[in-house]
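Quick notes on the structure that follows.
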Amino acid sequence: MTRTLLFLLLITAALPGVFAAAPPRPNIIFFLVDDYDKPETSVYGGKVLTPNLERLAKEGMTFHNAHMTSTVCTPSRYTCLTGRYAGSSTHPAFLKLFPPGTQSLPAFNVGLESDDMNVGRVLAGSGYATGFVGKYHVGGDDHGGATGLHDVPKNAAYSDDLNRKFFENEKRYRELVKERGFTWAKSIYWANTKAPFKGHNPEWTIQSALEFIDLHKDQPFYLHYGTTLLHGPNGEWHRSLVEKERVTGEGLLPSPLNVMPKRNSVLRRIRKAGLTENEVGYLWMDDSLGMLLEKLDEHGIADNTIILFLADHGSEMKGSLFKQRGTEVPCLMRWPKGIKPGTVCHELVQNTDFVPTWFELAGAKVPTNYRIDGVSLGPLLGNPVKPVREFVYGEMGAARSIKTKEWNYIALRHTKEQIETIAAGNKRELKKLQGLSGGVSRGVRHHPAALEADQLYNLASDPSEQTNLAGKPEFKDRLKTMQNMLAVELKRFPDRPFGEFVPGGNATPLGAAENLLNVLRKAAREK
């Protein structure tokens, strides 16, 4: 043995960290489900059959206070991909609708920008393979001005030519997703499914997800998997399962796929569990999750792979900022190397927090001008009782909210243009205000004060948010505290007024629409 080699061996023994390899960075799978209420999840007591979700809970962490900042698909998914509030978007279509200096109304009008400030681009620049499979829905209005796409009429009848157009469009969608920074994309649903190919086909998307893992198992990877399930109505799940084996986002397949448990087994297992056809979607979605878990086990990479299961928003209170079945969603995370099995967390988290978590755990090189509105959940993964935030924020149309563990404050501030529309009594425009983008939407059905400008709910004593305490003198101080929190958060938005909190532009103060409340109530009843 030479003296040089002996010297190196002695140095290595004395300083074991000097030549040690860097710890392997975790793989990340973001499994995003559509329109899923927390109480409908078996982990949270729902009477459905989802054994793989229960496995995630048993082997990882169950979050009991996870929230989405917006409660329709597009802004929710935008935030999951960027770590930013949708209301801070600089997408050209969004800025055209809401020029700087005006109050914005975040809803389906948000799109992923071309500025490289998203999880796919940043992780790819840090050595990750970044894959996108399934529902996208952040491409801006229609196709966001993209070229090379066939125009497909709404509710078109089937034809071989239309089938070809769907096939070719899906290939172009892959390229558009990769132009936004992902290194790999396949089986893309640009938005919600549409006729004549309306329906779910988890086999089509999970096959591509498995392919991505096979191709990239030997390097760190990030997979964003957006299933179309459980977008309703429930009857569509059963129709898709039984009648639409070949229907996909690229038209009709030549033959059915054979990558998941057989479809008739879903019905058989559902019936054996004493459930009905209305519950098939939950198990069908769960089967696709099981395929991912099996693939990780097959390659021996499960230990250092993070799987996040999350819903993009609730279903029953979709389009509102109420907590139950609205902003609060089922959220499970497994990472054998970093999370103790069976962990339960009651601390507040929101979907802005996942991107900074991925960046921290991946050791990503984040651009200095990258805006992040969330905080990393890294400390929470090791200590689930240590808070990482005091409140969660919500935004939907003309509504904004602040939630602590015990309180929910909702501010509904219509713009000058919206107030003029209400006063004019235009039924078509009033219908839009009552739709998913208005900020109240389905909340009107179950919440008597849903249309009031100021709403304060005690989540501890009134979890279903039925009693508005905003006007009661004994809760004056609590109301002011929540309003101050909202004011601070709203000031994070550059040049965006909102009500009296950030005056200016077309924003209106508290009480501006008070005399029109009955008009809104009547429109809601007639909806």
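By order of appearance in the structure tokens: chains A, B, ..., then residues from 1 within every chain, and ligands from 1 in the order shown.
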Identify, on the basis of only C-alpha atoms, every residue whose closest approach to range 255-259 of chain A does not exceed 9 Å; exclude the query and any residue fewer than 6 positions from it along the same chain; express the result as a PDB file with C-alpha atoms, in the first residue's frame.
ATOM      1  CA  GLU A 203     -56.557   2.940 -16.852  1.00  0.00           C
ATOM      2  CA  TRP A 204     -55.523   5.391 -19.570  1.00  0.00           C
ATOM      3  CA  ILE A 206     -52.371   5.239 -14.733  1.00  0.00           C
ATOM      4  CA  GLN A 207     -50.724   3.357 -17.590  1.00  0.00           C
ATOM      5  CA  GLU A 245     -63.843   1.267 -21.617  1.00  0.00           C
ATOM      6  CA  ARG A 246     -62.373   2.826 -24.759  1.00  0.00           C
ATOM      7  CA  VAL A 247     -63.229   6.484 -24.063  1.00  0.00           C
ATOM      8  CA  MET A 291     -51.107   0.512  -8.939  1.00  0.00           C
TER       9      MET A 291
END
Give me, as a PDB file with N, CA and C atoms, in the first residue's frame, the residues of range 325-425 of chain A that a backbone DSSP run labels strand (DSSP E).
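The result, stored in out33.pdb:
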ATOM      1  N   CYS A 331     -56.301  14.823   2.954  1.00  0.00           N
ATOM      2  CA  CYS A 331     -54.884  15.006   2.654  1.00  0.00           C
ATOM      3  C   CYS A 331     -54.083  13.952   3.414  1.00  0.00           C
ATOM      4  N   LEU A 332     -53.364  13.125   2.663  1.00  0.00           N
ATOM      5  CA  LEU A 332     -52.541  12.052   3.232  1.00  0.00           C
ATOM      6  C   LEU A 332     -51.159  12.109   2.589  1.00  0.00           C
ATOM      7  N   MET A 333     -50.141  11.835   3.375  1.00  0.00           N
ATOM      8  CA  MET A 333     -48.787  11.835   2.827  1.00  0.00           C
ATOM      9  C   MET A 333     -47.997  10.665   3.413  1.00  0.00           C
ATOM     10  N   ARG A 334     -47.362   9.900   2.530  1.00  0.00           N
ATOM     11  CA  ARG A 334     -46.499   8.806   2.973  1.00  0.00           C
ATOM     12  C   ARG A 334     -45.086   9.036   2.462  1.00  0.00           C
ATOM     13  N   THR A 343     -48.924   8.598  11.678  1.00  0.00           N
ATOM     14  CA  THR A 343     -48.873   9.943  12.243  1.00  0.00           C
ATOM     15  C   THR A 343     -50.165  10.698  11.926  1.00  0.00           C
ATOM     16  N   VAL A 344     -50.633  11.462  12.895  1.00  0.00           N
ATOM     17  CA  VAL A 344     -51.826  12.292  12.721  1.00  0.00           C
ATOM     18  C   VAL A 344     -51.447  13.744  12.984  1.00  0.00           C
ATOM     19  N   CYS A 345     -51.897  14.638  12.095  1.00  0.00           N
ATOM     20  CA  CYS A 345     -51.554  16.058  12.230  1.00  0.00           C
ATOM     21  C   CYS A 345     -52.822  16.904  12.193  1.00  0.00           C
ATOM     22  N   VAL A 349     -52.593  23.589   7.300  1.00  0.00           N
ATOM     23  CA  VAL A 349     -51.758  23.636   6.098  1.00  0.00           C
ATOM     24  C   VAL A 349     -52.658  24.049   4.937  1.00  0.00           C
ATOM     25  N   GLN A 350     -52.063  24.599   3.895  1.00  0.00           N
ATOM     26  CA  GLN A 350     -52.829  24.929   2.699  1.00  0.00           C
ATOM     27  C   GLN A 350     -51.999  24.587   1.468  1.00  0.00           C
ATOM     28  N   VAL A 392     -55.020  30.033   7.487  1.00  0.00           N
ATOM     29  CA  VAL A 392     -55.008  29.738   6.055  1.00  0.00           C
ATOM     30  C   VAL A 392     -55.879  30.776   5.359  1.00  0.00           C
ATOM     31  N   TYR A 393     -55.517  31.069   4.117  1.00  0.00           N
ATOM     32  CA  TYR A 393     -56.179  32.119   3.340  1.00  0.00           C
ATOM     33  C   TYR A 393     -57.028  31.479   2.250  1.00  0.00           C
ATOM     34  N   GLY A 394     -58.130  32.145   1.881  1.00  0.00           N
ATOM     35  CA  GLY A 394     -58.959  31.653   0.794  1.00  0.00           C
ATOM     36  C   GLY A 394     -59.366  32.769  -0.137  1.00  0.00           C
ATOM     37  N   GLU A 395     -59.526  32.449  -1.413  1.00  0.00           N
ATOM     38  CA  GLU A 395     -59.962  33.437  -2.406  1.00  0.00           C
ATOM     39  C   GLU A 395     -60.807  32.739  -3.463  1.00  0.00           C
ATOM     40  N   MET A 396     -61.945  33.339  -3.764  1.00  0.00           N
ATOM     41  CA  MET A 396     -62.845  32.750  -4.746  1.00  0.00           C
ATOM     42  C   MET A 396     -63.759  33.849  -5.264  1.00  0.00           C
ATOM     43  N   ALA A 399     -64.958  36.858  -3.071  1.00  0.00           N
ATOM     44  CA  ALA A 399     -64.841  36.516  -1.652  1.00  0.00           C
ATOM     45  C   ALA A 399     -63.388  36.246  -1.261  1.00  0.00           C
ATOM     46  N   ARG A 400     -63.077  36.593  -0.015  1.00  0.00           N
ATOM     47  CA  ARG A 400     -61.779  36.266   0.566  1.00  0.00           C
ATOM     48  C   ARG A 400     -62.043  35.738   1.982  1.00  0.00           C
ATOM     49  N   SER A 401     -61.140  34.912   2.494  1.00  0.00           N
ATOM     50  CA  SER A 401     -61.356  34.366   3.838  1.00  0.00           C
ATOM     51  C   SER A 401     -60.046  34.173   4.584  1.00  0.00           C
ATOM     52  N   ILE A 402     -60.186  34.148   5.887  1.00  0.00           N
ATOM     53  CA  ILE A 402     -59.090  33.797   6.800  1.00  0.00           C
ATOM     54  C   ILE A 402     -59.650  32.763   7.776  1.00  0.00           C
ATOM     55  N   LYS A 403     -58.955  31.642   7.903  1.00  0.00           N
ATOM     56  CA  LYS A 403     -59.365  30.610   8.858  1.00  0.00           C
ATOM     57  C   LYS A 403     -58.229  30.336   9.837  1.00  0.00           C
ATOM     58  N   TRP A 407     -61.755  29.678  13.984  1.00  0.00           N
ATOM     59  CA  TRP A 407     -62.613  30.691  13.390  1.00  0.00           C
ATOM     60  C   TRP A 407     -62.502  30.709  11.868  1.00  0.00           C
ATOM     61  N   ASN A 408     -63.590  31.101  11.233  1.00  0.00           N
ATOM     62  CA  ASN A 408     -63.584  31.360   9.793  1.00  0.00           C
ATOM     63  C   ASN A 408     -64.216  32.726   9.565  1.00  0.00           C
ATOM     64  N   TYR A 409     -63.453  33.614   8.932  1.00  0.00           N
ATOM     65  CA  TYR A 409     -63.973  34.925   8.545  1.00  0.00           C
ATOM     66  C   TYR A 409     -64.026  34.995   7.026  1.00  0.00           C
ATOM     67  N   ILE A 410     -65.192  35.332   6.487  1.00  0.00           N
ATOM     68  CA  ILE A 410     -65.368  35.475   5.042  1.00  0.00           C
ATOM     69  C   ILE A 410     -65.806  36.897   4.747  1.00  0.00           C
ATOM     70  N   ALA A 411     -65.106  37.546   3.816  1.00  0.00           N
ATOM     71  CA  ALA A 411     -65.465  38.889   3.354  1.00  0.00           C
ATOM     72  C   ALA A 411     -65.912  38.786   1.904  1.00  0.00           C
ATOM     73  N   LEU A 412     -67.128  39.215   1.637  1.00  0.00           N
ATOM     74  CA  LEU A 412     -67.662  39.225   0.271  1.00  0.00           C
ATOM     75  C   LEU A 412     -67.776  40.682  -0.161  1.00  0.00           C
TER      76      LEU A 412
END
message: Give me the residues near range 111-120 of chain A as a ChimeraX atom specification, where near means some atom within 7 Å (using only C-alpha atoms) and where sequence neighbours in that chain fewer than 3 positions away do not count.
response: /A:78,81-82,90-91,123-124,130,138-140,180-182,355,370
Per residue of range 28-56 of chain A within 10 Å of range 266-289 of chain A, which atom pair is closest and at what distance in Å (one decimal), using only C-alpha atoms, listed by chain and increasing number, as a Markdown table?
| residue | atom | partner | partner_atom | distance |
| --- | --- | --- | --- | --- |
| A:Phe31 | CA | A:Leu289 | CA | 7.9 |
| A:Val33 | CA | A:Met285 | CA | 8.3 |
| A:Tyr36 | CA | A:Tyr282 | CA | 9.3 |
| A:Glu40 | CA | A:Tyr282 | CA | 8.9 |
| A:Thr41 | CA | A:Tyr282 | CA | 8.3 |
| A:Ser42 | CA | A:Tyr282 | CA | 9.4 |
| A:Lys47 | CA | A:Leu275 | CA | 8.2 |
| A:Val48 | CA | A:Glu279 | CA | 6.4 |
| A:Leu49 | CA | A:Leu283 | CA | 5.5 |
| A:Thr50 | CA | A:Leu283 | CA | 5.4 |
| A:Pro51 | CA | A:Asp286 | CA | 7.2 |
| A:Asn52 | CA | A:Asp286 | CA | 5.9 |
| A:Leu53 | CA | A:Asp286 | CA | 6.8 |
| A:Glu54 | CA | A:Asp286 | CA | 9.8 |
| A:Leu56 | CA | A:Leu289 | CA | 9.8 |
Saved selection, atoms kept: C-alpha atoms, as a PDB file, in the first residue's frame:
ATOM      1  CA  PHE A  31     -51.808  12.353  -6.595  1.00  0.00           C
ATOM      2  CA  VAL A  33     -58.120  13.846  -7.055  1.00  0.00           C
ATOM      3  CA  TYR A  36     -63.634  14.997  -3.180  1.00  0.00           C
ATOM      4  CA  GLU A  40     -66.538  10.860   2.024  1.00  0.00           C
ATOM      5  CA  THR A  41     -63.065   9.416   2.556  1.00  0.00           C
ATOM      6  CA  SER A  42     -62.898   6.138   4.475  1.00  0.00           C
ATOM      7  CA  LYS A  47     -68.686   4.692   4.164  1.00  0.00           C
ATOM      8  CA  VAL A  48     -66.725   3.895   1.016  1.00  0.00           C
ATOM      9  CA  LEU A  49     -64.180   1.275   0.034  1.00  0.00           C
ATOM     10  CA  THR A  50     -60.672   2.750  -0.309  1.00  0.00           C
ATOM     11  CA  PRO A  51     -58.115   0.268   1.080  1.00  0.00           C
ATOM     12  CA  ASN A  52     -55.112   1.968  -0.516  1.00  0.00           C
ATOM     13  CA  LEU A  53     -55.977   5.296   1.089  1.00  0.00           C
ATOM     14  CA  GLU A  54     -56.173   3.493   4.393  1.00  0.00           C
ATOM     15  CA  LEU A  56     -51.363   5.537   3.095  1.00  0.00           C
TER      16      LEU A  56
END
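Nearest residue to Leu433 in chain A, choosing from A:Gly148, A:Gly232, A:Gly319, A:Gly363 and counting only C-alpha atoms: A:Gly319.
CA of His238 in chain A to CA of Pro202 in chain A spans 12.9 Å [interatomic distance, one decimal].
Note that the spacing between CA of Glu211 in chain A and CA of Gly131 in chain A amounts to 10.3 Å.
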task: Please identify all polymer residues within 9 Å of His447 in chain A, counting only C-alpha atoms, omitting same-chain residues fewer than 6 positions from it, and present them as a list in words.
output: Phe322, Ser464, Glu465, Gln466 and Thr467 of chain A
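Considering only C-alpha atoms, the residue among A:Tyr222, A:Phe498, A:Tyr44, A:Phe132 positioned nearest to Ser187 in chain A is A:Phe132.
Checking A:His346, A:His200, A:Leu377, A:Gly251 one by one against Pro233 in chain A, counting only C-alpha atoms, you find the shortest gap at A:His200.
Considering only C-alpha atoms, the residue among A:Leu149, A:Ile213, A:Leu510, A:Leu310 positioned nearest to Met68 in chain A is A:Leu310.
Coordinates place CA of Lys416 in chain A at a distance of 27.0 Å from CA of Gly326 in chain A.
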query: So which one's closest to Leu436 in chain A, A:Pro106, A:Gly374, A:Pro92, A:Pro503? Using only C-alpha atoms, please.
result: A:Pro106
Just want the 9 Å neighbourhood of Gly443 in chain A, counted on only C-alpha atoms, with same-chain residues fewer than 6 positions away dropped. Output as a PDB file with N, CA and C atoms, in the first residue's frame.
ATOM      1  N   GLU A 316     -69.470  19.427  -2.237  1.00  0.00           N
ATOM      2  CA  GLU A 316     -70.782  19.970  -1.853  1.00  0.00           C
ATOM      3  C   GLU A 316     -70.758  21.486  -1.696  1.00  0.00           C
ATOM      4  N   MET A 317     -69.639  22.048  -1.196  1.00  0.00           N
ATOM      5  CA  MET A 317     -69.506  23.490  -1.018  1.00  0.00           C
ATOM      6  C   MET A 317     -68.565  24.093  -2.066  1.00  0.00           C
ATOM      7  N   LYS A 318     -68.439  23.432  -3.183  1.00  0.00           N
ATOM      8  CA  LYS A 318     -67.595  23.898  -4.278  1.00  0.00           C
ATOM      9  C   LYS A 318     -67.947  25.338  -4.651  1.00  0.00           C
ATOM     10  N   GLY A 319     -66.933  26.145  -4.902  1.00  0.00           N
ATOM     11  CA  GLY A 319     -67.161  27.529  -5.298  1.00  0.00           C
ATOM     12  C   GLY A 319     -67.373  28.478  -4.139  1.00  0.00           C
ATOM     13  N   SER A 320     -67.303  27.982  -2.898  1.00  0.00           N
ATOM     14  CA  SER A 320     -67.463  28.835  -1.719  1.00  0.00           C
ATOM     15  C   SER A 320     -66.200  28.763  -0.870  1.00  0.00           C
ATOM     16  N   LEU A 321     -66.171  29.548   0.203  1.00  0.00           N
ATOM     17  CA  LEU A 321     -65.023  29.525   1.116  1.00  0.00           C
ATOM     18  C   LEU A 321     -65.399  29.010   2.498  1.00  0.00           C
ATOM     19  N   PHE A 322     -66.495  28.258   2.564  1.00  0.00           N
ATOM     20  CA  PHE A 322     -66.822  27.575   3.808  1.00  0.00           C
ATOM     21  C   PHE A 322     -65.844  26.417   4.004  1.00  0.00           C
ATOM     22  N   GLY A 326     -65.744  22.253   1.631  1.00  0.00           N
ATOM     23  CA  GLY A 326     -65.366  23.357   0.765  1.00  0.00           C
ATOM     24  C   GLY A 326     -63.864  23.472   0.649  1.00  0.00           C
ATOM     25  N   ALA A 450     -74.754  33.158   3.646  1.00  0.00           N
ATOM     26  CA  ALA A 450     -73.722  33.028   2.615  1.00  0.00           C
ATOM     27  C   ALA A 450     -73.544  34.272   1.757  1.00  0.00           C
ATOM     28  N   LEU A 451     -74.584  35.091   1.603  1.00  0.00           N
ATOM     29  CA  LEU A 451     -74.508  36.271   0.739  1.00  0.00           C
ATOM     30  C   LEU A 451     -74.186  37.551   1.506  1.00  0.00           C
TER      31      LEU A 451
END
message: I want to know what sits within 10 Å of Ser208 in chain A, based on only C-alpha atoms, with residues of the same chain fewer than 6 positions away left out; could you give that as number ranges by chain?
response: A: 131-134, 185-188, 214, 225
Next, the residues of the selection above should be written as a PDB file, in the first residue's frame with C-alpha atoms.
ATOM      1  CA  GLY A 131     -43.734  14.195 -15.373  1.00  0.00           C
ATOM      2  CA  PHE A 132     -47.311  15.288 -15.871  1.00  0.00           C
ATOM      3  CA  VAL A 133     -50.175  12.850 -16.383  1.00  0.00           C
ATOM      4  CA  GLY A 134     -53.936  13.418 -16.387  1.00  0.00           C
ATOM      5  CA  ALA A 185     -46.082  14.406 -20.350  1.00  0.00           C
ATOM      6  CA  LYS A 186     -48.651  11.888 -21.525  1.00  0.00           C
ATOM      7  CA  SER A 187     -52.386  11.093 -21.294  1.00  0.00           C
ATOM      8  CA  ILE A 188     -53.353  14.726 -20.882  1.00  0.00           C
ATOM      9  CA  ASP A 214     -40.387   2.707 -15.146  1.00  0.00           C
ATOM     10  CA  TYR A 225     -50.844  12.862 -11.456  1.00  0.00           C
TER      11      TYR A 225
END
- request: Mind checking which residues fall within 12 Å of Ala523 in chain A, counting only C-alpha atoms, ignoring those fewer than 3 positions away in the same chain, and posting them as an NGL selection string?
  value: :A and (422 or 425-435 or 441 or 444 or 451 or 516-520 or 526-527)
